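Student: Structure provided below as structure tokens; questions to follow.
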There are 2 protein chains.
Amino acid sequence: MQRYFGIKKEDNRLVLDSSDYHHIKNVMRNSDGDLIEVVIDNKLHLGCIENVKSDISIFIKKELETDNDFIPKVNLIVPLLKENKMDLILQKSCEMGVSKIMIVPLKRCIVKVNDKKTKSKIDRWNRILKEASEQSFRNYIPDLEVIDSIKELDKLDGLKIVCSTKKNLNNIKRVLTENKNCDTINVVIGPEGGLDEIEELILNEYGFVSTTFGSRILRVESVPLFIMSIINYEYMEW
Amino acid sequence: MQRYFGIKKEDNRLVLDSSDYHHIKNVMRNSDGDLIEVVIDNKLHLGCIENVKSDISIFIKKELETDNDFIPKVNLIVPLLKENKMDLILQKSCEMGVSKIMIVPLKRCIVKVNDKKTKSKIDRWNRILKEASEQSFRNYIPDLEVIDSIKELDKLDGLKIVCSTKKNLNNIKRVLTENKNCDTINVVIGPEGGLDEIEELILNEYGFVSTTFGSRILRVESVPLFIMSIINYEYMEW
């Protein structure tokens, strides 16, 4: 069943994004009486479509039970990358259960945050997160935050990891296994060429543990997918 | 140091692909005496560039020591997908250490193998695998095979997994953990909409174990990245 994110009105009806009405009418080609899943305030509901041919309306039938996510909150902290890499990271990490994505300016970033363009970029990224959340049947859309400086990472709580290219460090498996009871996992991923040495030292001072992936050399945009996959695996029960 | 794949000539010199000479000359802008890494017959060598300005020649200085891969051979068996999804799978699974990719026709594939176009597609896919192998410092390029029928999967040896959308099955963590001594892991990934029921039964008869990823719902092109990531994690030592 198709899933959408919406806001509840007083009369037990729903307000969706204008693009969702288009999707229901012209992409899914739904008819009156068709059912959809709707997430309202992180809770899943069953909705019924009415008046498709004129002014579509969604009637909320009931709340549905859902499982809570089985992994801790994951906060991915990434540099600004080129558009196609950024899109891949947002879409795939959303699919794999990320809670929040923070975009941080780092010394070796090739792409710079440009205030004029940032607003429209953020809108675009949020659209990608919304669509990926619907398609992967999530109950909430991950938060997105563009921060001004690495200094803002000092305030974060939970397990703090920085992906390092240095040798002979703790590897990620050790760090995840030894901190399995954490509520939140914060992971900083460096740009192409890695983090600047001073930046890594600052992060270490803020409590971020430098970790490696063993001998595997991955592209920047692959790292979030790798991180999200292994966190899902680590917390998978059998 | 930049890495290339080459063939050794009798005089301890090297033959590279014509695109590699272009890369050395015009992209890397190397000079005479610059060193490169060259893989010859899966073994790593140090090469020295000569005569950049006329007819480039690479002199093989010595063989270099390398670590063997720490994961078993992984054979990913995937349906034919649209070009951008196929490219993502080839590039990322190569980065993460895949040994072989088999493309199999499956009932719910939207993209059909077309004999006329297949030859040029295979050339393109092999180019992607070669470039990804160089960039991720691999010692061999993964094999690529396009097979005619699911029946050819009967001959495979090693651990055999099929990614299933059925509920209450063994999950992938259990299957990987309980078969950690295997030499090869074969994984079949279904198309959008999943495997046809009969296809899954045929694979089960061939010894493929139906497994799930728990409650996570992933897009088809994300599954190979997830599989490769968790295999790397499972075999990571600390």
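Numbering starts fresh at 1 for the residues of each chain in the structure tokens, the chains themselves are lettered A, B, ... in the order given, and ligands are numbered from 1 as they appear.
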Write down as a ChimeraX atom specification the residues of region 122-215 of chain A whose backbone DSSP state falls under helix (DSSP H, G or I).

Tutor: /A:122-135,150-155,172-178,197-205

Student: At a cut-off of 8 Å, which residues of chain B touch chain A? Count only C-alpha atoms and give the answer as a PyMOL selection string.

Tutor: chain B and resi 92+95-96+136-137+170-171+173-174+214+216-219+222+225-226+229-230+233+236-238

Student: What does the distance between CA of Leu201 (chain A) and CA of Val220 (chain A) come to in Å, to one decimal place?

Tutor: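 Taking CA of Leu201 (chain A) and CA of Val220 (chain A), their separation equals 19.9 Å.
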
Student: Got a sec: who's within 12 Å of Asn204 (chain B), counting only C-alpha atoms, leaving out chain neighbours fewer than 4 positions off, as a PDB file with N, CA and C atoms, in the first residue's frame?

Tutor:
```
ATOM      1  N   ILE B 150      18.168 -19.248 -15.317  1.00  0.00           N
ATOM      2  CA  ILE B 150      18.319 -19.515 -13.899  1.00  0.00           C
ATOM      3  C   ILE B 150      18.876 -20.933 -13.668  1.00  0.00           C
ATOM      4  N   LYS B 151      18.658 -21.810 -14.655  1.00  0.00           N
ATOM      5  CA  LYS B 151      19.108 -23.211 -14.522  1.00  0.00           C
ATOM      6  C   LYS B 151      20.625 -23.319 -14.388  1.00  0.00           C
ATOM      7  N   LEU B 153      22.419 -21.751 -12.523  1.00  0.00           N
ATOM      8  CA  LEU B 153      22.852 -21.518 -11.133  1.00  0.00           C
ATOM      9  C   LEU B 153      22.943 -22.829 -10.347  1.00  0.00           C
ATOM     10  N   ASP B 154      22.490 -23.911 -10.958  1.00  0.00           N
ATOM     11  CA  ASP B 154      22.524 -25.221 -10.300  1.00  0.00           C
ATOM     12  C   ASP B 154      23.961 -25.682 -10.044  1.00  0.00           C
ATOM     13  N   LYS B 160      24.961 -20.672  -0.521  1.00  0.00           N
ATOM     14  CA  LYS B 160      24.039 -20.140  -1.527  1.00  0.00           C
ATOM     15  C   LYS B 160      22.840 -19.491  -0.837  1.00  0.00           C
ATOM     16  N   ILE B 161      22.668 -18.202  -1.102  1.00  0.00           N
ATOM     17  CA  ILE B 161      21.632 -17.406  -0.440  1.00  0.00           C
ATOM     18  C   ILE B 161      20.725 -16.791  -1.492  1.00  0.00           C
ATOM     19  N   VAL B 162      19.430 -16.789  -1.236  1.00  0.00           N
ATOM     20  CA  VAL B 162      18.545 -15.996  -2.083  1.00  0.00           C
ATOM     21  C   VAL B 162      17.816 -14.979  -1.197  1.00  0.00           C
ATOM     22  N   CYS B 163      17.853 -13.704  -1.598  1.00  0.00           N
ATOM     23  CA  CYS B 163      17.209 -12.644  -0.817  1.00  0.00           C
ATOM     24  C   CYS B 163      15.716 -12.732  -1.065  1.00  0.00           C
ATOM     25  N   SER B 164      14.975 -13.005  -0.008  1.00  0.00           N
ATOM     26  CA  SER B 164      13.546 -13.271  -0.154  1.00  0.00           C
ATOM     27  C   SER B 164      12.720 -12.188   0.510  1.00  0.00           C
ATOM     28  N   VAL B 188      21.675 -14.448  -4.636  1.00  0.00           N
ATOM     29  CA  VAL B 188      20.733 -14.055  -5.700  1.00  0.00           C
ATOM     30  C   VAL B 188      19.840 -12.926  -5.190  1.00  0.00           C
ATOM     31  N   GLU B 197       7.490 -16.785  -7.410  1.00  0.00           N
ATOM     32  CA  GLU B 197       7.473 -17.870  -6.427  1.00  0.00           C
ATOM     33  C   GLU B 197       8.127 -19.154  -6.953  1.00  0.00           C
ATOM     34  N   ILE B 198       7.845 -19.462  -8.217  1.00  0.00           N
ATOM     35  CA  ILE B 198       8.416 -20.676  -8.827  1.00  0.00           C
ATOM     36  C   ILE B 198       9.946 -20.550  -8.906  1.00  0.00           C
ATOM     37  N   GLU B 199      10.416 -19.350  -9.274  1.00  0.00           N
ATOM     38  CA  GLU B 199      11.875 -19.132  -9.355  1.00  0.00           C
ATOM     39  C   GLU B 199      12.527 -19.369  -7.995  1.00  0.00           C
ATOM     40  N   GLU B 200      11.875 -18.874  -6.949  1.00  0.00           N
ATOM     41  CA  GLU B 200      12.468 -19.055  -5.614  1.00  0.00           C
ATOM     42  C   GLU B 200      12.494 -20.544  -5.242  1.00  0.00           C
ATOM     43  N   PHE B 208      19.849 -22.952  -2.629  1.00  0.00           N
ATOM     44  CA  PHE B 208      19.861 -21.559  -2.177  1.00  0.00           C
ATOM     45  C   PHE B 208      18.913 -21.409  -0.981  1.00  0.00           C
ATOM     46  N   VAL B 209      19.432 -20.864   0.124  1.00  0.00           N
ATOM     47  CA  VAL B 209      18.638 -20.668   1.334  1.00  0.00           C
ATOM     48  C   VAL B 209      17.914 -19.326   1.258  1.00  0.00           C
ATOM     49  N   SER B 210      16.601 -19.335   1.390  1.00  0.00           N
ATOM     50  CA  SER B 210      15.838 -18.078   1.392  1.00  0.00           C
ATOM     51  C   SER B 210      16.095 -17.335   2.690  1.00  0.00           C
ATOM     52  N   THR B 211      16.515 -16.068   2.592  1.00  0.00           N
ATOM     53  CA  THR B 211      16.831 -15.277   3.790  1.00  0.00           C
ATOM     54  C   THR B 211      16.212 -13.885   3.669  1.00  0.00           C
TER      55      THR B 211
END
```

Student: I need the residue nearest Gly47 (chain A) from this list: A:Leu16, A:Asn75, A:Lys121, A:Val27. Use only C-alpha atoms for the distance.

Tutor: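 Closest candidate: A:Leu16.
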
Student: With a distance cut-off of 10 Å and only C-alpha atoms, select the neighbouring residues of region 41-43 of chain A, excluding the residue or stretch itself and same-chain residues fewer than 6 positions from it, and output the selection as a list in words.

Tutor: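 The contact residues come out as Phe5, Gly6, Ile7, Lys8, Glu63, Leu64, Glu65, Thr66, Arg138, Asn139, Tyr140 and Ile141 of chain A.
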